[in-house]
Structures are given as C-alpha cells and as structure tokens.
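Engineer: Input structure: target01.pdb, which contains PDB, N, CA and C atoms.
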ATOM      1  N   ALA Y   1      64.032  35.168   6.325
ATOM      2  CA  ALA Y   1      63.015  35.581   7.290
ATOM      3  C   ALA Y   1      63.402  36.933   7.878
ATOM      4  N   LEU Y   2      62.402  37.734   8.146
ATOM      5  CA  LEU Y   2      62.636  39.031   8.761
ATOM      6  C   LEU Y   2      62.764  38.881  10.263
ATOM      7  N   GLY Y   3      63.630  39.695  10.862
ATOM      8  CA  GLY Y   3      63.695  39.753  12.316
ATOM      9  C   GLY Y   3      62.451  40.462  12.825
ATOM     10  N   ALA Y   4      62.157  40.312  14.092
ATOM     11  CA  ALA Y   4      60.946  40.901  14.681
ATOM     12  C   ALA Y   4      60.895  42.413  14.475
ATOM     13  N   ASP Y   5      62.027  43.094  14.633
ATOM     14  CA  ASP Y   5      62.031  44.552  14.486
ATOM     15  C   ASP Y   5      61.769  44.970  13.041
ATOM     16  N   ARG Y   6      62.316  44.260  12.067
ATOM     17  CA  ARG Y   6      62.078  44.571  10.652
ATOM     18  C   ARG Y   6      60.622  44.265  10.283
ATOM     19  N   TYR Y   7      60.090  43.179  10.807
ATOM     20  CA  TYR Y   7      58.705  42.803  10.535
ATOM     21  C   TYR Y   7      57.755  43.878  11.065
ATOM     22  N   GLU Y   8      57.984  44.323  12.286
ATOM     23  CA  GLU Y   8      57.157  45.357  12.917
ATOM     24  C   GLU Y   8      57.213  46.646  12.097
ATOM     25  N   SER Y   9      58.409  47.038  11.663
ATOM     26  CA  SER Y   9      58.577  48.248  10.878
ATOM     27  C   SER Y   9      57.847  48.130   9.539
ATOM     28  N   GLN Y  10      57.873  46.939   8.951
ATOM     29  CA  GLN Y  10      57.201  46.732   7.682
ATOM     30  C   GLN Y  10      55.684  46.896   7.827
ATOM     31  N   ILE Y  11      55.129  46.443   8.932
ATOM     32  CA  ILE Y  11      53.683  46.540   9.167
ATOM     33  C   ILE Y  11      53.269  47.964   9.557
ATOM     34  N   ARG Y  12      53.956  48.539  10.509
ATOM     35  CA  ARG Y  12      53.552  49.844  11.054
ATOM     36  C   ARG Y  12      54.217  51.027  10.375
ATOM     37  N   GLY Y  13      55.261  50.807   9.602
ATOM     38  CA  GLY Y  13      56.022  51.893   9.003
ATOM     39  C   GLY Y  13      57.174  52.279   9.910
ATOM     40  N   ASN Y  14      58.163  52.939   9.337
ATOM     41  CA  ASN Y  14      59.287  53.375  10.161
ATOM     42  C   ASN Y  14      58.874  54.595  10.981
ATOM     43  N   SER Y  15      59.761  55.067  11.818
ATOM     44  CA  SER Y  15      59.391  56.152  12.736
ATOM     45  C   SER Y  15      58.975  57.418  11.990
ATOM     46  N   MET Y  16      59.596  57.705  10.853
ATOM     47  CA  MET Y  16      59.211  58.893  10.081
ATOM     48  C   MET Y  16      57.824  58.692   9.452
ATOM     49  N   ASP Y  17      57.545  57.490   8.958
ATOM     50  CA  ASP Y  17      56.217  57.192   8.401
ATOM     51  C   ASP Y  17      55.147  57.360   9.471
ATOM     52  N   ARG Y  18      55.421  56.824  10.665
ATOM     53  CA  ARG Y  18      54.446  56.912  11.753
ATOM     54  C   ARG Y  18      54.215  58.364  12.170
ATOM     55  N   ALA Y  19      55.277  59.162  12.237
ATOM     56  CA  ALA Y  19      55.147  60.576  12.615
ATOM     57  C   ALA Y  19      54.314  61.326  11.578
ATOM     58  N   ARG Y  20      54.566  61.082  10.292
ATOM     59  CA  ARG Y  20      53.774  61.727   9.241
ATOM     60  C   ARG Y  20      52.307  61.309   9.339
ATOM     61  N   SER Y  21      52.078  60.046   9.635
ATOM     62  CA  SER Y  21      50.714  59.534   9.759
ATOM     63  C   SER Y  21      49.991  60.189  10.941
ATOM     64  N   ARG Y  22      50.674  60.322  12.081
ATOM     65  CA  ARG Y  22      50.071  60.986  13.245
ATOM     66  C   ARG Y  22      49.773  62.452  12.936
ATOM     67  N   ASP Y  23      50.707  63.132  12.242
ATOM     68  CA  ASP Y  23      50.477  64.537  11.862
ATOM     69  C   ASP Y  23      49.260  64.654  10.950
ATOM     70  N   ARG Y  24      49.100  63.690  10.057
ATOM     71  CA  ARG Y  24      47.941  63.716   9.150
ATOM     72  C   ARG Y  24      46.640  63.518   9.933
ATOM     73  N   LEU Y  25      46.659  62.655  10.946
ATOM     74  CA  LEU Y  25      45.462  62.489  11.780
ATOM     75  C   LEU Y  25      45.101  63.801  12.473
ATOM     76  N   LEU Y  26      46.107  64.521  12.984
ATOM     77  CA  LEU Y  26      45.860  65.804  13.644
ATOM     78  C   LEU Y  26      45.219  66.783  12.667
ATOM     79  N   LYS Y  27      45.653  66.746  11.412
ATOM     80  CA  LYS Y  27      45.109  67.636  10.379
ATOM     81  C   LYS Y  27      43.712  67.188   9.948
ATOM     82  N   ASP Y  28      43.547  65.897   9.687
ATOM     83  CA  ASP Y  28      42.272  65.386   9.162
ATOM     84  C   ASP Y  28      41.148  65.403  10.196
ATOM     85  N   PHE Y  29      41.485  65.212  11.479
ATOM     86  CA  PHE Y  29      40.466  65.132  12.526
ATOM     87  C   PHE Y  29      40.446  66.363  13.433
ATOM     88  N   GLY Y  30      41.357  67.296  13.190
ATOM     89  CA  GLY Y  30      41.430  68.490  14.030
ATOM     90  C   GLY Y  30      41.909  69.686  13.239
ATOM     91  N   ASP Y  31      42.698  70.519  13.899
ATOM     92  CA  ASP Y  31      43.161  71.757  13.274
ATOM     93  C   ASP Y  31      44.622  71.703  12.845
ATOM     94  N   GLY Y  32      45.211  70.520  12.894
ATOM     95  CA  GLY Y  32      46.625  70.374  12.528
ATOM     96  C   GLY Y  32      47.543  70.318  13.735
ATOM     97  N   LYS Y  33      47.104  70.910  14.829
ATOM     98  CA  LYS Y  33      47.890  70.895  16.077
ATOM     99  C   LYS Y  33      47.247  69.980  17.115
ATOM    100  N   ASN Y  34      45.922  69.960  17.145
ATOM    101  CA  ASN Y  34      45.171  69.175  18.121
ATOM    102  C   ASN Y  34      43.996  68.487  17.439
ATOM    103  N   CYS Y  35      43.577  67.382  18.031
ATOM    104  CA  CYS Y  35      42.346  66.705  17.619
ATOM    105  C   CYS Y  35      41.863  65.893  18.812
ATOM    106  N   PRO Y  36      40.593  65.518  18.818
ATOM    107  CA  PRO Y  36      40.076  64.723  19.937
ATOM    108  C   PRO Y  36      40.358  63.235  19.750
ATOM    109  N   CYS Y  37      40.480  62.518  20.859
ATOM    110  CA  CYS Y  37      40.530  61.064  20.823
ATOM    111  C   CYS Y  37      39.183  60.593  20.282
ATOM    112  N   SER Y  38      39.200  59.633  19.381
ATOM    113  CA  SER Y  38      37.962  59.127  18.771
ATOM    114  C   SER Y  38      37.054  58.423  19.774
ATOM    115  N   TYR Y  39      37.588  58.052  20.919
ATOM    116  CA  TYR Y  39      36.825  57.274  21.902
ATOM    117  C   TYR Y  39      36.381  58.104  23.100
ATOM    118  N   CYS Y  40      37.304  58.830  23.720
ATOM    119  CA  CYS Y  40      36.950  59.554  24.954
ATOM    120  C   CYS Y  40      36.897  61.063  24.780
ATOM    121  N   GLY Y  41      37.370  61.574  23.627
ATOM    122  CA  GLY Y  41      37.314  63.011  23.369
ATOM    123  C   GLY Y  41      38.466  63.823  23.932
ATOM    124  N   LEU Y  42      39.413  63.170  24.605
ATOM    125  CA  LEU Y  42      40.569  63.878  25.162
ATOM    126  C   LEU Y  42      41.290  64.659  24.067
ATOM    127  N   LYS Y  43      41.697  65.891  24.365
ATOM    128  CA  LYS Y  43      42.421  66.715  23.398
ATOM    129  C   LYS Y  43      43.832  66.157  23.227
ATOM    130  N   LEU Y  44      44.166  65.793  21.989
ATOM    131  CA  LEU Y  44      45.461  65.191  21.674
ATOM    132  C   LEU Y  44      46.327  66.162  20.881
ATOM    133  N   ASP Y  45      47.638  65.989  20.992
ATOM    134  CA  ASP Y  45      48.580  66.754  20.178
ATOM    135  C   ASP Y  45      49.626  65.797  19.630
ATOM    136  N   SER Y  46      50.662  66.330  19.002
ATOM    137  CA  SER Y  46      51.657  65.467  18.346
ATOM    138  C   SER Y  46      52.388  64.548  19.328
ATOM    139  N   ASN Y  47      52.387  64.893  20.608
ATOM    140  CA  ASN Y  47      53.053  64.051  21.611
ATOM    141  C   ASN Y  47      52.137  62.982  22.201
ATOM    142  N   THR Y  48      50.818  63.153  22.036
ATOM    143  CA  THR Y  48      49.899  62.229  22.703
ATOM    144  C   THR Y  48      49.018  61.420  21.747
ATOM    145  N   VAL Y  49      48.938  61.808  20.484
ATOM    146  CA  VAL Y  49      48.081  61.088  19.535
ATOM    147  C   VAL Y  49      48.710  59.742  19.158
ATOM    148  N   THR Y  50      47.887  58.710  19.128
ATOM    149  CA  THR Y  50      48.317  57.408  18.609
ATOM    150  C   THR Y  50      47.376  57.034  17.470
ATOM    151  N   ARG Y  51      47.819  56.101  16.647
ATOM    152  CA  ARG Y  51      47.023  55.652  15.497
ATOM    153  C   ARG Y  51      46.314  54.358  15.870
ATOM    154  N   ASP Y  52      44.993  54.367  15.738
ATOM    155  CA  ASP Y  52      44.244  53.139  15.982
ATOM    156  C   ASP Y  52      43.564  52.739  14.684
ATOM    157  N   LYS Y  53      43.553  51.450  14.410
ATOM    158  CA  LYS Y  53      42.959  50.952  13.182
ATOM    159  C   LYS Y  53      41.455  50.744  13.367
ATOM    160  N   ILE Y  54      40.669  51.189  12.391
ATOM    161  CA  ILE Y  54      39.233  50.936  12.395
ATOM    162  C   ILE Y  54      39.008  49.433  12.267
ATOM    163  N   TYR Y  55      39.593  48.843  11.225
ATOM    164  CA  TYR Y  55      39.564  47.385  11.064
ATOM    165  C   TYR Y  55      40.856  46.841  11.666
ATOM    166  N   THR Y  56      40.722  46.000  12.688
ATOM    167  CA  THR Y  56      41.880  45.460  13.394
ATOM    168  C   THR Y  56      42.672  44.500  12.516
ATOM    169  N   ALA Y  57      43.854  44.157  12.965
ATOM    170  CA  ALA Y  57      44.684  43.188  12.241
ATOM    171  C   ALA Y  57      43.934  41.871  12.080
ATOM    172  N   ARG Y  58      43.211  41.485  13.099
ATOM    173  CA  ARG Y  58      42.433  40.241  13.048
ATOM    174  C   ARG Y  58      41.383  40.294  11.940
ATOM    175  N   GLU Y  59      40.880  41.513  11.652
ATOM    176  CA  GLU Y  59      39.885  41.690  10.596
ATOM    177  C   GLU Y  59      40.530  41.979   9.235
ATOM    178  N   GLY Y  60      41.861  41.932   9.192
ATOM    179  CA  GLY Y  60      42.575  42.205   7.944
ATOM    180  C   GLY Y  60      42.947  43.656   7.753
ATOM    181  N   GLY Y  61      42.742  44.490   8.781
ATOM    182  CA  GLY Y  61      43.057  45.916   8.687
ATOM    183  C   GLY Y  61      44.551  46.175   8.687
ATOM    184  N   ARG Y  62      44.943  47.185   7.956
ATOM    185  CA  ARG Y  62      46.344  47.582   7.861
ATOM    186  C   ARG Y  62      46.502  49.025   8.324
ATOM    187  N   TYR Y  63      47.755  49.434   8.525
ATOM    188  CA  TYR Y  63      48.061  50.807   8.916
ATOM    189  C   TYR Y  63      48.061  51.705   7.684
ATOM    190  N   ARG Y  64      46.909  51.822   7.036
ATOM    191  CA  ARG Y  64      46.710  52.749   5.925
ATOM    192  C   ARG Y  64      45.901  53.915   6.461
ATOM    193  N   GLN Y  65      46.162  55.111   5.937
ATOM    194  CA  GLN Y  65      45.533  56.310   6.480
ATOM    195  C   GLN Y  65      44.008  56.224   6.487
ATOM    196  N   ASP Y  66      43.421  55.566   5.485
ATOM    197  CA  ASP Y  66      41.955  55.485   5.448
ATOM    198  C   ASP Y  66      41.400  54.460   6.430
ATOM    199  N   ASN Y  67      42.277  53.778   7.150
ATOM    200  CA  ASN Y  67      41.843  52.813   8.171
ATOM    201  C   ASN Y  67      42.252  53.260   9.576
ATOM    202  N   LEU Y  68      42.674  54.509   9.708
ATOM    203  CA  LEU Y  68      43.178  54.996  10.994
ATOM    204  C   LEU Y  68      42.319  56.098  11.575
ATOM    205  N   VAL Y  69      42.215  56.092  12.904
ATOM    206  CA  VAL Y  69      41.574  57.177  13.647
ATOM    207  C   VAL Y  69      42.504  57.573  14.785
ATOM    208  N   PRO Y  70      42.427  58.840  15.222
ATOM    209  CA  PRO Y  70      43.259  59.261  16.347
ATOM    210  C   PRO Y  70      42.720  58.708  17.662
ATOM    211  N   SER Y  71      43.636  58.354  18.532
ATOM    212  CA  SER Y  71      43.262  57.793  19.826
ATOM    213  C   SER Y  71      44.315  58.171  20.860
ATOM    214  N   CYS Y  72      43.883  58.323  22.111
ATOM    215  CA  CYS Y  72      44.854  58.457  23.199
ATOM    216  C   CYS Y  72      45.389  57.051  23.490
ATOM    217  N   LEU Y  73      46.539  56.967  24.097
ATOM    218  CA  LEU Y  73      47.158  55.669  24.347
ATOM    219  C   LEU Y  73      46.295  54.756  25.216
ATOM    220  N   PRO Y  74      45.706  55.248  26.329
ATOM    221  CA  PRO Y  74      44.875  54.336  27.139
ATOM    222  C   PRO Y  74      43.700  53.745  26.354
ATOM    223  N   CYS Y  75      43.012  54.557  25.548
ATOM    224  CA  CYS Y  75      41.890  54.032  24.755
ATOM    225  C   CYS Y  75      42.392  53.041  23.710
ATOM    226  N   ASN Y  76      43.496  53.371  23.060
ATOM    227  CA  ASN Y  76      44.054  52.493  22.032
ATOM    228  C   ASN Y  76      44.417  51.144  22.637
ATOM    229  N   GLN Y  77      45.069  51.165  23.783
ATOM    230  CA  GLN Y  77      45.493  49.914  24.427
ATOM    231  C   GLN Y  77      44.304  49.123  24.967
ATOM    232  N   SER Y  78      43.284  49.809  25.461
ATOM    233  CA  SER Y  78      42.164  49.077  26.063
ATOM    234  C   SER Y  78      41.219  48.504  25.010
ATOM    235  N   ARG Y  79      41.249  49.037  23.803
ATOM    236  CA  ARG Y  79      40.350  48.534  22.760
ATOM    237  C   ARG Y  79      40.679  47.099  22.383
ATOM    238  N   GLY Y  80      41.950  46.771  22.255
ATOM    239  CA  GLY Y  80      42.337  45.423  21.866
ATOM    240  C   GLY Y  80      41.796  45.071  20.496
ATOM    241  N   ASP Y  81      41.176  43.916  20.358
ATOM    242  CA  ASP Y  81      40.646  43.450  19.075
ATOM    243  C   ASP Y  81      39.135  43.617  18.963
ATOM    244  N   VAL Y  82      38.547  44.503  19.787
ATOM    245  CA  VAL Y  82      37.101  44.742  19.702
ATOM    246  C   VAL Y  82      36.812  45.394  18.345
ATOM    247  N   PRO Y  83      35.920  44.820  17.542
ATOM    248  CA  PRO Y  83      35.576  45.457  16.264
ATOM    249  C   PRO Y  83      35.018  46.866  16.489
ATOM    250  N   PHE Y  84      35.391  47.788  15.604
ATOM    251  CA  PHE Y  84      34.999  49.198  15.726
ATOM    252  C   PHE Y  84      33.489  49.331  15.894
ATOM    253  N   LYS Y  85      32.715  48.541  15.146
ATOM    254  CA  LYS Y  85      31.251  48.624  15.195
ATOM    255  C   LYS Y  85      30.695  48.145  16.534
ATOM    256  N   ASP Y  86      31.491  47.390  17.303
ATOM    257  CA  ASP Y  86      31.026  46.846  18.579
ATOM    258  C   ASP Y  86      31.476  47.649  19.793
ATOM    259  N   ILE Y  87      32.173  48.758  19.564
ATOM    260  CA  ILE Y  87      32.651  49.570  20.677
ATOM    261  C   ILE Y  87      31.457  50.222  21.365
ATOM    262  N   GLN Y  88      31.448  50.167  22.674
ATOM    263  CA  GLN Y  88      30.387  50.794  23.465
ATOM    264  C   GLN Y  88      30.772  52.252  23.696
ATOM    265  N   TRP Y  89      30.359  53.129  22.800
ATOM    266  CA  TRP Y  89      30.720  54.551  22.863
ATOM    267  C   TRP Y  89      30.179  55.175  24.138
ATOM    268  N   GLY Y  90      31.091  55.831  24.854
ATOM    269  CA  GLY Y  90      30.710  56.548  26.062
ATOM    270  C   GLY Y  90      30.519  55.658  27.275
ATOM    271  N   ALA Y  91      30.617  54.346  27.117
ATOM    272  CA  ALA Y  91      30.488  53.434  28.275
ATOM    273  C   ALA Y  91      31.828  53.341  28.983
ATOM    274  N   SER Y  92      31.801  53.176  30.300
ATOM    275  CA  SER Y  92      33.076  53.038  30.996
ATOM    276  C   SER Y  92      33.301  51.625  31.434
TER     277      SER Y  92
END
Any chance you could put this one into structure tokens?
Structural biologist:
Amino acid sequence: ALGADRYESQIRGNSMDRARSRDRLLKDFGDGKNCPCSYCGLKLDSNTVTRDKIYTAREGGRYRQDNLVPSCLPCNQSRGDVPFKDIQWGAS
C-alpha cells in the first residue's frame, strides 16, 4: 500500500510536474507570464496560479493538462465538487 504522501504525489504529480503544469497553463491561457483566473478573472502569475480540474475527481477527472484550467486559490478552494457546467459564472 502507498503512504498518503506517495498516493497524493501519484495523483497530482511531483512538485516539478506540478510546476511545469502551472507554467503550461500560464502559456496556454495567457502570455506565458500571466493569465486570468478562469472564474473571477484575477491576473495570475507563477506564484498565484493553481490548477483546477474541469472534470472533478468525483466525475473521474484526472490532473491531465487537457482537464485543467487556471484558477486563483480562493476560487479553486470554493469550487469544491461543483461540476464545471453547473458553475454560476459571475455570481457571488
């Protein structure tokens, strides 16, 4: 059996994998240095961008680049398991 830390790393990738993934989000959704949060539009950079899954773990989503969007930490944390299609865009 895997320990909790090894299991987490296997699902989300190691720290270098996660950093490369965040850099790719900045490039794919912005200019390589900055991109907007997919939910609130906040300008993100390499220190503030987080990876949010379009399809949640509950929906079978994985941390693959084609299932990720850039998000600020507050939006990422507040989304929880709400399906992407059910998000109330622009609602507070």
Engineer: Go through the shown structure with the PyMOL selection byres (((chain Y and resi 41 and name CA) around 12) and name CA) and write out the matching residues as an MDAnalysis selection string.
Structural biologist: chainID Y and resid 29:30 34:40 42:44 49 70:72 75 89:90
Engineer: How many Å separate atom CA of Asp45 of chain Y from atom CA of Arg64 of chain Y?
Structural biologist: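 Computing the Euclidean distance for atom CA of Asp45 of chain Y and atom CA of Arg64 of chain Y yields 20.1 Å.
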Engineer: Could you please write out, as number ranges by chain, every residue of segment 6-92 of chain Y that DSSP assigns to helix (DSSP H, G or I)?
Structural biologist: Y: 6-12, 15-29, 57-59, 65-67, 73-79, 84-86
Engineer: To one decimal in Å, tell me the separation between atom N of Arg18 of chain Y and atom CA of Lys85 of chain Y.
Structural biologist: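 Between these atoms lies a distance of 25.9 Å.
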Engineer: Smallest atom-to-atom distance to Ala57 of chain Y: which of Y:Arg22, Y:Gly80, Y:Lys33, Y:Ile87, using only N, CA and C atoms?
Structural biologist: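 Going through Y:Arg22, Y:Gly80, Y:Lys33, Y:Ile87 one by one, the smallest distance to Ala57 of chain Y is for Y:Gly80.
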